>>> print(open('model-v5.cif').read())   # mmCIF, C-alpha atoms and all ligand atoms
data_work
#
loop_
_atom_site.label_atom_id
_atom_site.label_comp_id
_atom_site.auth_asym_id
_atom_site.auth_seq_id
_atom_site.Cartn_x
_atom_site.Cartn_y
_atom_site.Cartn_z
CA MET A 53 93.30 264.61 6.97
CA ASN A 54 95.83 266.10 9.38
CA ILE A 55 94.09 265.36 12.67
CA GLN A 56 96.99 266.63 14.77
CA ALA A 57 96.89 270.03 13.05
CA LEU A 58 93.13 270.30 13.67
CA MET A 59 93.59 269.41 17.34
CA ASP A 60 96.43 271.93 17.68
CA THR A 61 94.34 274.71 16.14
CA ALA A 62 91.32 273.87 18.31
CA LYS A 63 93.52 273.96 21.41
CA ALA A 64 95.07 277.27 20.33
CA LEU A 65 91.62 278.80 19.91
CA ILE A 66 90.68 278.24 23.54
CA ALA A 67 94.18 278.45 25.07
CA GLY A 68 94.91 280.33 28.30
CA ASP A 69 92.31 282.79 29.46
CA LYS A 70 91.49 284.24 26.05
CA GLY A 71 88.52 283.78 23.72
CA LEU A 72 87.21 284.44 20.24
CA LEU A 73 85.95 287.67 18.75
CA ALA A 74 83.05 287.32 16.31
CA MET A 75 83.29 290.17 13.78
CA ASP A 76 81.60 288.26 10.99
CA GLU A 77 78.32 290.12 10.68
CA SER A 78 76.96 289.66 7.17
CA THR A 79 76.62 292.86 5.16
CA PRO A 80 72.86 293.17 5.90
CA THR A 81 73.42 292.62 9.65
CA CYS A 82 76.37 295.03 9.77
CA ASN A 83 74.33 297.64 7.89
CA LYS A 84 71.44 297.18 10.34
CA ARG A 85 73.77 297.84 13.30
CA PHE A 86 75.31 300.83 11.49
CA ALA A 87 71.85 302.26 10.75
CA ALA A 88 70.85 301.91 14.43
CA ALA A 89 74.04 303.78 15.43
CA GLY A 90 73.58 306.49 12.75
CA ILE A 91 76.57 305.34 10.65
CA PRO A 92 76.50 305.32 6.81
CA GLN A 93 75.99 301.82 5.40
CA THR A 94 78.82 301.77 2.85
CA GLU A 95 81.56 299.29 2.05
CA GLU A 96 84.15 301.88 3.10
CA ALA A 97 82.44 302.40 6.47
CA ARG A 98 82.37 298.64 7.06
CA ARG A 99 86.06 298.41 6.09
CA GLY A 100 86.97 301.31 8.35
CA TYR A 101 85.11 299.79 11.28
CA ARG A 102 86.74 296.40 10.82
CA GLU A 103 90.14 298.12 10.57
CA LEU A 104 89.41 299.80 13.90
CA ILE A 105 88.73 296.38 15.43
CA VAL A 106 91.71 294.45 14.06
CA THR A 107 94.18 297.25 14.86
CA THR A 108 93.00 297.66 18.48
CA PRO A 109 96.20 297.86 20.54
CA GLY A 110 96.72 294.76 22.70
CA LEU A 111 93.76 292.84 21.21
CA GLY A 112 95.90 289.68 21.02
CA GLU A 113 96.26 289.77 24.83
CA CYS A 114 92.57 288.79 25.11
CA ILE A 115 91.65 287.20 21.78
CA ASN A 116 92.94 283.93 20.26
CA GLY A 117 90.85 283.99 17.08
CA ALA A 118 88.71 286.45 15.11
CA ILE A 119 85.82 285.34 12.90
CA LEU A 120 85.64 287.35 9.66
CA TYR A 121 83.01 287.70 6.96
CA ASP A 122 83.64 287.02 3.25
CA GLU A 123 83.93 290.75 2.47
CA THR A 124 86.23 291.36 5.46
CA ILE A 125 88.70 288.52 4.91
CA ARG A 126 89.63 290.15 1.57
CA GLN A 127 89.99 293.70 2.94
CA ARG A 128 93.06 295.73 3.90
CA THR A 129 93.91 298.59 6.22
CA GLY A 130 94.11 302.12 4.84
CA GLU A 131 97.87 301.51 4.53
CA GLY A 132 97.28 298.44 2.38
CA LYS A 133 98.01 295.64 4.89
CA PRO A 134 95.61 292.69 4.59
CA PHE A 135 93.44 292.29 7.71
CA VAL A 136 94.48 288.63 7.83
CA LYS A 137 98.12 289.68 8.17
CA VAL A 138 97.27 292.28 10.83
CA LEU A 139 95.57 289.54 12.87
CA VAL A 140 98.34 286.97 12.41
CA ASP A 141 100.96 289.58 13.41
CA ALA A 142 98.92 290.21 16.57
CA GLY A 143 98.92 286.47 17.39
CA ILE A 144 95.25 286.09 16.44
CA ILE A 145 94.07 283.16 14.27
CA PRO A 146 91.83 284.26 11.37
CA GLY A 147 88.48 282.50 11.04
CA ILE A 148 85.61 282.79 8.56
CA LYS A 149 81.81 282.59 8.66
CA VAL A 150 80.83 280.12 5.94
CA ASP A 151 77.09 279.63 6.31
CA LEU A 152 74.87 281.60 3.95
CA GLY A 153 72.29 282.53 6.55
CA ALA A 154 69.22 281.08 8.24
CA LYS A 155 66.26 280.91 5.82
CA ASP A 156 62.57 280.17 6.40
CA MET A 157 62.10 276.41 6.68
CA ALA A 158 59.61 274.81 4.29
CA THR A 159 56.37 273.62 5.94
CA HIS A 160 57.55 274.91 9.32
CA PRO A 161 56.28 278.43 9.95
CA GLY A 162 58.40 280.41 12.41
CA GLU A 163 61.42 278.11 12.01
CA LYS A 164 64.70 278.50 10.12
CA ILE A 165 67.18 276.24 8.40
CA THR A 166 70.72 277.41 7.73
CA GLU A 167 71.89 277.18 4.12
CA GLY A 168 75.32 277.01 2.51
CA LEU A 169 76.38 273.37 2.05
CA ASP A 170 76.36 273.44 -1.77
CA GLY A 171 79.86 274.29 -2.99
CA LEU A 172 81.12 274.57 0.58
CA SER A 173 84.12 272.30 0.03
CA ASP A 174 85.50 274.59 -2.70
CA ARG A 175 84.85 277.71 -0.63
CA LEU A 176 86.63 276.17 2.38
CA HIS A 177 89.73 275.41 0.31
CA ALA A 178 89.70 279.00 -1.01
CA TYR A 179 89.37 280.42 2.53
CA PHE A 180 92.26 278.22 3.68
CA GLN A 181 94.38 279.81 0.93
CA LEU A 182 93.30 283.24 2.21
CA GLY A 183 94.59 282.29 5.68
CA ALA A 184 91.51 281.03 7.54
CA ARG A 185 92.23 278.19 9.96
CA PHE A 186 88.79 277.94 11.53
CA ALA A 187 85.20 278.53 10.43
CA LYS A 188 81.74 279.21 11.82
CA TRP A 189 78.24 277.96 10.91
CA ARG A 190 75.27 279.24 12.88
CA ALA A 191 71.99 277.35 13.23
CA VAL A 192 69.06 279.20 14.76
CA ILE A 193 66.41 277.57 16.95
CA ALA A 194 63.46 279.60 18.20
CA ILE A 195 61.33 278.69 21.22
CA GLY A 196 57.61 279.41 20.81
CA ASP A 197 54.18 277.92 20.50
CA GLY A 198 54.81 274.32 19.45
CA ILE A 199 58.37 275.03 18.34
CA PRO A 200 61.09 274.00 17.92
CA SER A 201 59.91 270.99 15.94
CA ARG A 202 61.90 267.79 15.66
CA ALA A 203 62.23 268.52 11.96
CA CYS A 204 63.91 271.88 12.62
CA ILE A 205 66.29 270.50 15.27
CA GLU A 206 67.32 267.49 13.19
CA ALA A 207 67.71 269.34 9.88
CA ASN A 208 69.91 272.00 11.50
CA ALA A 209 71.96 269.41 13.42
CA HIS A 210 72.50 267.46 10.21
CA ALA A 211 73.66 270.58 8.34
CA LEU A 212 76.01 271.52 11.20
CA ALA A 213 77.56 268.05 11.12
CA ARG A 214 77.98 268.03 7.32
CA TYR A 215 79.61 271.47 7.54
CA ALA A 216 81.91 270.30 10.33
CA ALA A 217 83.03 267.23 8.36
CA LEU A 218 83.79 269.34 5.26
CA CYS A 219 85.77 271.82 7.37
CA GLN A 220 87.94 269.12 8.91
CA GLU A 221 88.69 267.65 5.49
CA ALA A 222 89.85 271.10 4.38
CA GLY A 223 92.15 271.48 7.43
CA ILE A 224 89.81 274.01 9.05
CA VAL A 225 88.51 273.73 12.62
CA PRO A 226 84.72 274.01 12.68
CA VAL A 227 83.06 276.20 15.26
CA VAL A 228 79.69 274.48 15.64
CA GLU A 229 77.05 277.05 16.61
CA PRO A 230 73.53 275.89 17.41
CA GLU A 231 71.85 278.99 18.87
CA VAL A 232 68.65 278.69 20.88
CA LEU A 233 67.33 282.25 20.71
CA MET A 234 66.57 284.42 23.75
CA ASP A 235 63.42 285.97 22.25
CA GLY A 236 60.19 284.97 23.96
CA GLU A 237 58.47 284.54 27.29
CA HIS A 238 59.84 281.05 27.95
CA SER A 239 61.34 280.03 31.30
CA LEU A 240 64.93 279.15 32.10
CA GLN A 241 63.81 275.52 32.44
CA LEU A 242 62.31 275.42 28.96
CA CYS A 243 65.50 276.93 27.51
CA GLN A 244 67.50 274.24 29.33
CA GLU A 245 65.29 271.43 28.00
CA THR A 246 65.38 272.83 24.47
CA THR A 247 69.14 273.40 24.50
CA GLN A 248 69.62 269.86 25.79
CA SER A 249 67.62 268.31 22.94
CA VAL A 250 69.39 270.48 20.39
CA LEU A 251 72.86 269.54 21.69
CA HIS A 252 71.95 265.84 21.90
CA SER A 253 70.90 265.96 18.27
CA VAL A 254 74.00 267.91 17.20
CA PHE A 255 76.42 265.48 18.85
CA GLU A 256 74.58 262.47 17.46
CA GLN A 257 74.88 263.92 13.94
CA LEU A 258 78.54 264.85 14.47
CA TYR A 259 79.14 261.21 15.42
CA VAL A 260 77.20 259.86 12.43
CA GLN A 261 79.16 262.11 10.04
CA GLY A 262 82.53 261.03 11.50
CA VAL A 263 83.56 264.44 12.85
CA ILE A 264 86.57 264.39 15.17
CA LEU A 265 85.39 265.92 18.43
CA GLU A 266 88.93 266.87 19.49
CA GLY A 267 89.14 269.10 16.42
CA LEU A 268 86.10 271.33 16.90
CA ILE A 269 84.83 274.10 19.15
CA LEU A 270 81.21 274.21 20.33
CA LYS A 271 79.58 277.66 20.33
CA PRO A 272 76.28 277.36 22.19
CA ASN A 273 73.91 279.81 23.80
CA MET A 274 73.97 280.17 27.55
CA VAL A 275 70.83 278.72 29.16
CA LEU A 276 68.70 281.81 29.84
CA PRO A 277 65.09 282.74 30.51
CA GLY A 278 63.39 284.39 27.53
CA LEU A 279 63.91 288.13 27.22
CA GLN A 280 60.19 288.70 27.86
CA CYS A 281 59.95 286.15 30.71
CA ALA A 282 58.65 287.77 33.91
CA LYS A 283 61.18 285.80 35.99
CA GLN A 284 64.79 286.76 35.27
CA ASN A 285 67.11 284.40 37.16
CA SER A 286 70.27 285.27 39.03
CA VAL A 287 73.73 284.97 37.52
CA GLU A 288 74.43 281.91 39.71
CA VAL A 289 71.22 280.07 38.73
CA ILE A 290 71.93 280.73 35.05
CA ALA A 291 75.50 279.47 35.42
CA GLU A 292 74.26 276.29 37.11
CA ALA A 293 71.55 275.63 34.49
CA THR A 294 74.02 276.18 31.66
CA ILE A 295 76.69 273.90 33.09
CA THR A 296 74.14 271.18 33.97
CA CYS A 297 72.89 271.25 30.40
CA LEU A 298 76.41 271.08 28.94
CA LEU A 299 77.58 268.29 31.29
CA ARG A 300 74.60 266.21 30.14
CA THR A 301 75.20 266.69 26.44
CA VAL A 302 78.77 267.65 25.45
CA PRO A 303 81.36 264.83 25.31
CA ALA A 304 84.56 265.35 27.28
CA ALA A 305 86.59 264.94 24.07
CA VAL A 306 85.50 268.42 22.95
CA PRO A 307 88.38 270.75 23.88
CA GLY A 308 86.41 273.94 24.35
CA ILE A 309 83.07 275.66 24.54
CA ALA A 310 82.93 279.31 23.49
CA PHE A 311 79.56 280.93 24.16
CA LEU A 312 77.78 283.37 21.88
CA SER A 313 76.30 286.40 23.63
CA GLY A 314 72.95 286.37 21.83
CA GLY A 315 71.83 289.88 22.73
CA GLN A 316 72.85 289.94 26.42
CA SER A 317 74.49 293.14 27.61
CA GLY A 318 78.26 293.10 27.78
CA GLU A 319 78.21 293.24 31.58
CA LEU A 320 75.74 290.36 32.00
CA ALA A 321 77.56 288.16 29.50
CA SER A 322 80.82 288.70 31.42
CA ALA A 323 79.18 288.15 34.82
CA ARG A 324 77.50 284.91 33.72
CA LEU A 325 80.66 283.51 32.13
CA ASN A 326 82.52 284.49 35.27
CA ALA A 327 80.06 282.61 37.51
CA MET A 328 80.68 279.44 35.48
CA ASN A 329 84.45 279.76 35.89
CA ALA A 330 84.51 281.08 39.47
CA SER A 331 86.56 279.10 41.97
CA SER A 332 83.47 279.14 44.23
CA SER A 333 81.41 277.34 41.56
CA PRO A 334 80.50 273.81 42.73
CA PHE A 335 81.01 272.61 39.13
CA ARG A 336 84.46 274.03 38.53
CA SER A 337 86.44 270.86 39.28
CA ARG A 338 84.08 268.76 37.12
CA LEU A 339 84.42 270.66 33.86
CA PRO A 340 86.10 268.54 31.16
CA TRP A 341 86.30 271.42 28.65
CA ALA A 342 87.37 275.06 28.74
CA LEU A 343 84.50 277.56 29.05
CA ALA A 344 85.35 280.58 26.92
CA PHE A 345 83.62 283.26 24.86
CA SER A 346 83.00 283.97 21.18
CA PHE A 347 81.01 287.17 21.49
CA ALA A 348 80.10 289.70 18.83
CA ARG A 349 77.64 292.19 20.33
CA ALA A 350 78.80 291.76 23.94
CA ILE A 351 82.31 292.83 22.89
CA GLN A 352 81.65 295.22 20.02
CA LEU A 353 78.54 297.27 20.78
CA PRO A 354 79.96 299.97 23.08
CA ALA A 355 82.86 300.51 20.66
CA LEU A 356 80.51 300.80 17.68
CA GLN A 357 78.43 303.43 19.46
CA ILE A 358 81.50 305.44 20.50
CA TRP A 359 83.04 305.28 17.02
CA HIS A 360 79.91 306.58 15.28
CA GLY A 361 81.75 306.58 11.98
CA GLU A 362 84.16 309.37 13.04
CA GLU A 363 87.93 309.09 12.74
CA THR A 364 88.42 311.25 15.85
CA ASN A 365 86.62 308.59 17.95
CA ILE A 366 88.77 305.63 16.90
CA VAL A 367 91.09 305.62 19.92
CA ALA A 368 88.21 305.84 22.41
CA ALA A 369 86.31 303.11 20.55
CA GLN A 370 89.36 300.83 20.56
CA LYS A 371 89.73 301.35 24.33
CA ALA A 372 86.07 300.34 24.80
CA LEU A 373 86.57 297.24 22.64
CA TYR A 374 89.71 296.26 24.54
CA HIS A 375 87.90 296.80 27.84
CA ARG A 376 85.09 294.35 27.00
CA ALA A 377 87.59 291.79 25.68
CA ASP A 378 89.63 292.19 28.86
CA CYS A 379 86.54 291.78 31.10
CA ASN A 380 85.78 288.49 29.36
CA ARG A 381 89.35 287.38 29.74
CA ALA A 382 88.98 288.00 33.49
CA ALA A 383 85.67 286.06 33.39
CA ARG A 384 87.48 283.07 31.95
CA ARG A 385 89.67 283.08 35.05
CA GLY A 386 86.67 283.63 37.32
CA GLU A 387 88.15 287.00 38.28
CA TYR A 388 85.66 289.41 36.66
CA SER A 389 83.84 291.81 38.93
CA THR A 390 81.55 294.75 38.22
CA THR A 391 84.21 296.98 39.75
CA MET A 392 86.08 296.48 36.45
CA GLU A 393 83.28 298.47 34.80
CA VAL A 394 84.04 301.67 36.71
CA ALA A 395 85.87 303.97 34.32
P1 LIG B 401 76.58 287.48 19.46
O1 LIG B 401 77.64 287.32 20.50
O2 LIG B 401 76.24 288.92 19.17
O3 LIG B 401 75.38 286.62 19.73
O4 LIG B 401 77.17 286.94 18.11
C1 LIG B 401 77.86 285.75 18.12
C2 LIG B 401 77.81 285.18 16.78
O5 LIG B 401 78.83 284.90 16.21
C3 LIG B 401 76.50 284.96 16.14
O6 LIG B 401 76.64 284.06 15.09
#
>>> encode(input="model-v5.cif", output="structure tokens")
Amino acid sequence: MNIQALMDTAKALIAGDKGLLAMDESTPTCNKRFAAAGIPQTEEARRGYRELIVTTPGLGECINGAILYDETIRQRTGEGKPFVKVLVDAGIIPGIKVDLGAKDMATHPGEKITEGLDGLSDRLHAYFQLGARFAKWRAVIAIGDGIPSRACIEANAHALARYAALCQEAGIVPVVEPEVLMDGEHSLQLCQETTQSVLHSVFEQLYVQGVILEGLILKPNMVLPGLQCAKQNSVEVIAEATITCLLRTVPAAVPGIAFLSGGQSGELASARLNAMNASSSPFRSRLPWALAFSFARAIQLPALQIWHGEETNIVAAQKALYHRADCNRAARRGEYSTTMEVA
């Protein structure tokens, strides 16, 4: 195993003030978003949309790595240039989603276990040949009546660690994504407690499986009150709860943490990331890892709505995509402000 290469890639993924762009929606998820935006759910529409994203002018100024889906990593622009080459030419490292989705967990109603370990080693080697240098595996943890169970937390943590070990053996940096979902009426405090137990379990399993912490990126949820919780906390309180949770659970050897957006609006995701990185934050000098972003919806959604499947809207959609990426870049420096949102 080339540990130095893994460490170099991990560092490159969170370098400077940039982040990751998740554009790895599975075909069903992509089709669902297209349907909601009134866009035809065809392979050509998905290809055209992903071409719009990867050819956004200046994207490499804000994005270090882009996570692709199996269909997308094999696709090309209308002019025949592989998307992987477009990204590399823009200074963006290609990544790949390798889990096969979160499925209902046996004997645990309301809980999911992520599948995809069988045959993963072969798939990782094939993705490496296609140009991928990092990967993503998403585990999903719901908060509800009596859940998450210990069984759900431990099974998902174990799968994440096995995935991470296989990635590192294949020369691919694992992005380890345990997502505690926002859905529900739960409080900020319950999300913090749940996220803490999930992350404790994940790092224990990573240790047991021999994963090199310096050669991975953690992609957690921010600590948030449930979407249906009557009390919605301020940006500062959320930033403090998130950092407290991470300081208690994530070893300093991990080079970077890149949050998922999880259904937050683009503006809120930027504001909350900004509060964690702000020079006024009491935690700033204590952070052992970079705090970055790996958003899908919070970067893409305005662009998708503007595009609407029409060629004439591509330039405006690319501007909207660049704008959200740029806002998050500012948030990494602690320099984002809502005044950036004024057109
Ligand atoms: P969101 O930012 O839309 O939550 O997506 C991130 C992601 O990659 C989910 O796996």
>>> residues_near_ligand(input="model-v5.cif", ligand="ligand LIG 401 (chain B)", cutoff="7 Å", atoms="only C-alpha atoms and all ligand atoms", output="number ranges by chain")
A: 74, 76, 190, 312-315, 346-350
>>> atom_distance(input="model-v5.cif", atom1="CA of Val306 in chain A", atom2="CA of Phe255 in chain A")
10.4 Å
>>> closest_residue(input="model-v5.cif", among="A:Tyr101, A:Tyr215, A:Tyr121, A:Phe311", to="His360 in chain A", atoms="all atoms listed in the file")
A:Tyr101
>>> residues_near_point(input="model-v5.cif", point="(83.1, 264.1, 26.9)", cutoff="12 Å", atoms="all atoms listed in the file", output="number ranges by chain")
A: 255, 265-266, 298-309, 338-342
>>> residues_around(input="model-v5.cif", residues="Lys188 in chain A", least_positions_apart="6", cutoff="9 Å", atoms="only C-alpha atoms", output="PyMOL selection string")
chain A and resi 119+147-151+225-229+271
>>> residues_around(input="model-v5.cif", residues="Cys379 in chain A", least_positions_apart="4", cutoff="10 Å", atoms="only C-alpha atoms", output="list in words")
Cys114, Gly318, Glu319, Ala321, Ser322, Ala323, Asn326, Ile351, Tyr374, His375, Ala383, Arg384, Glu387, Tyr388, Ser389, Thr390, Met392 and Glu393 of chain A
>>> closest_atom_pairs(input="model-v5.cif", of="range 165-272 of chain A", to="range 125-142 of chain A", cutoff="10 Å", atoms="only C-alpha atoms", output="tab-separated table")
residue	atom	partner	partner_atom	distance
A:Tyr179	CA	A:Ile125	CA	8.5
A:Leu182	CA	A:Ile125	CA	7.5
A:Gly183	CA	A:Val136	CA	6.7
A:Ala184	CA	A:Val136	CA	8.2
>>> residues_near_point(input="model-v5.cif", point="(59.7, 269.1, 16.4)", cutoff="12 Å", atoms="all atoms listed in the file", output="PyMOL selection string")
chain A and resi 159-161+163+193-208+246+249-250+253
>>> closest_residue(input="model-v5.cif", among="A:Gln93, A:Thr81, A:Ser317, A:Ser332", to="Glu288 in chain A", atoms="all atoms listed in the file")
A:Ser332
>>> atom_distance(input="model-v5.cif", atom1="CA of Asn116 in chain A", atom2="CA of Ala310 in chain A")
11.5 Å
>>> residues_around(input="model-v5.cif", residues="Ala372 in chain A", least_positions_apart="4", cutoff="10 Å", atoms="all atoms listed in the file", output="count of residues only")
16
>>> closest_residue(input="model-v5.cif", among="A:Leu65, A:Ala89, A:Leu152, A:Met53", to="Phe345 in chain A", atoms="all atoms listed in the file")
A:Leu65
>>> closest_residue(input="model-v5.cif", among="A:Phe180, A:Phe335, A:Trp189, A:Phe86", to="Ala291 in chain A", atoms="all atoms listed in the file")
A:Phe335
>>> atom_distance(input="model-v5.cif", atom1="CA of Glu245 in chain A", atom2="CA of Pro277 in chain A")
11.6 Å
>>> build_atoms(input="model-v5.cif", residues="range 288-307 of chain A", atoms="N, CA, C and O atoms", output="tab-separated table (two decimals), keeping the file's coordinate frame")
chain	number	residue	atom	x	y	z
A	288	GLU	N	74.00	283.24	39.22
A	288	GLU	CA	74.43	281.91	39.71
A	288	GLU	C	73.49	280.81	39.20
A	288	GLU	O	73.94	279.72	38.81
A	289	VAL	N	72.19	281.08	39.20
A	289	VAL	CA	71.22	280.07	38.73
A	289	VAL	C	71.42	279.81	37.24
A	289	VAL	O	71.37	278.67	36.77
A	290	ILE	N	71.69	280.87	36.49
A	290	ILE	CA	71.93	280.73	35.05
A	290	ILE	C	73.21	279.92	34.80
A	290	ILE	O	73.25	279.03	33.95
A	291	ALA	N	74.24	280.21	35.58
A	291	ALA	CA	75.50	279.47	35.42
A	291	ALA	C	75.28	277.98	35.70
A	291	ALA	O	75.74	277.11	34.96
A	292	GLU	N	74.50	277.69	36.74
A	292	GLU	CA	74.26	276.29	37.11
A	292	GLU	C	73.43	275.58	36.03
A	292	GLU	O	73.74	274.43	35.64
A	293	ALA	N	72.39	276.24	35.52
A	293	ALA	CA	71.55	275.63	34.49
A	293	ALA	C	72.36	275.38	33.22
A	293	ALA	O	72.22	274.34	32.57
A	294	THR	N	73.22	276.32	32.89
A	294	THR	CA	74.02	276.18	31.66
A	294	THR	C	75.00	275.01	31.79
A	294	THR	O	75.11	274.17	30.90
A	295	ILE	N	75.68	274.96	32.93
A	295	ILE	CA	76.69	273.90	33.09
A	295	ILE	C	76.01	272.52	33.19
A	295	ILE	O	76.48	271.54	32.61
A	296	THR	N	74.88	272.45	33.87
A	296	THR	CA	74.14	271.18	33.97
A	296	THR	C	73.79	270.68	32.58
A	296	THR	O	74.00	269.51	32.23
A	297	CYS	N	73.29	271.59	31.77
A	297	CYS	CA	72.89	271.25	30.40
A	297	CYS	C	74.11	270.76	29.60
A	297	CYS	O	74.03	269.74	28.90
A	298	LEU	N	75.22	271.45	29.72
A	298	LEU	CA	76.41	271.08	28.94
A	298	LEU	C	77.00	269.76	29.42
A	298	LEU	O	77.42	268.92	28.63
A	299	LEU	N	77.02	269.55	30.77
A	299	LEU	CA	77.58	268.29	31.29
A	299	LEU	C	76.76	267.09	30.81
A	299	LEU	O	77.28	266.00	30.61
A	300	ARG	N	75.47	267.30	30.59
A	300	ARG	CA	74.60	266.21	30.14
A	300	ARG	C	74.72	265.91	28.65
A	300	ARG	O	74.23	264.88	28.20
A	301	THR	N	75.30	266.84	27.90
A	301	THR	CA	75.20	266.69	26.44
A	301	THR	C	76.53	266.75	25.68
A	301	THR	O	76.59	266.24	24.56
A	302	VAL	N	77.54	267.41	26.24
A	302	VAL	CA	78.77	267.65	25.45
A	302	VAL	C	79.86	266.67	25.87
A	302	VAL	O	80.31	266.70	27.02
A	303	PRO	N	80.32	265.81	24.96
A	303	PRO	CA	81.36	264.83	25.31
A	303	PRO	C	82.65	265.51	25.80
A	303	PRO	O	82.99	266.62	25.36
A	304	ALA	N	83.33	264.81	26.69
A	304	ALA	CA	84.56	265.35	27.28
A	304	ALA	C	85.67	265.50	26.25
A	304	ALA	O	86.64	266.23	26.48
A	305	ALA	N	85.54	264.84	25.10
A	305	ALA	CA	86.59	264.94	24.07
A	305	ALA	C	86.62	266.32	23.41
A	305	ALA	O	87.63	266.70	22.82
A	306	VAL	N	85.54	267.07	23.53
A	306	VAL	CA	85.50	268.42	22.95
A	306	VAL	C	86.44	269.31	23.76
A	306	VAL	O	86.32	269.37	24.97
A	307	PRO	N	87.41	269.99	23.09
A	307	PRO	CA	88.38	270.75	23.88
A	307	PRO	C	87.82	272.03	24.50
A	307	PRO	O	88.24	272.44	25.57
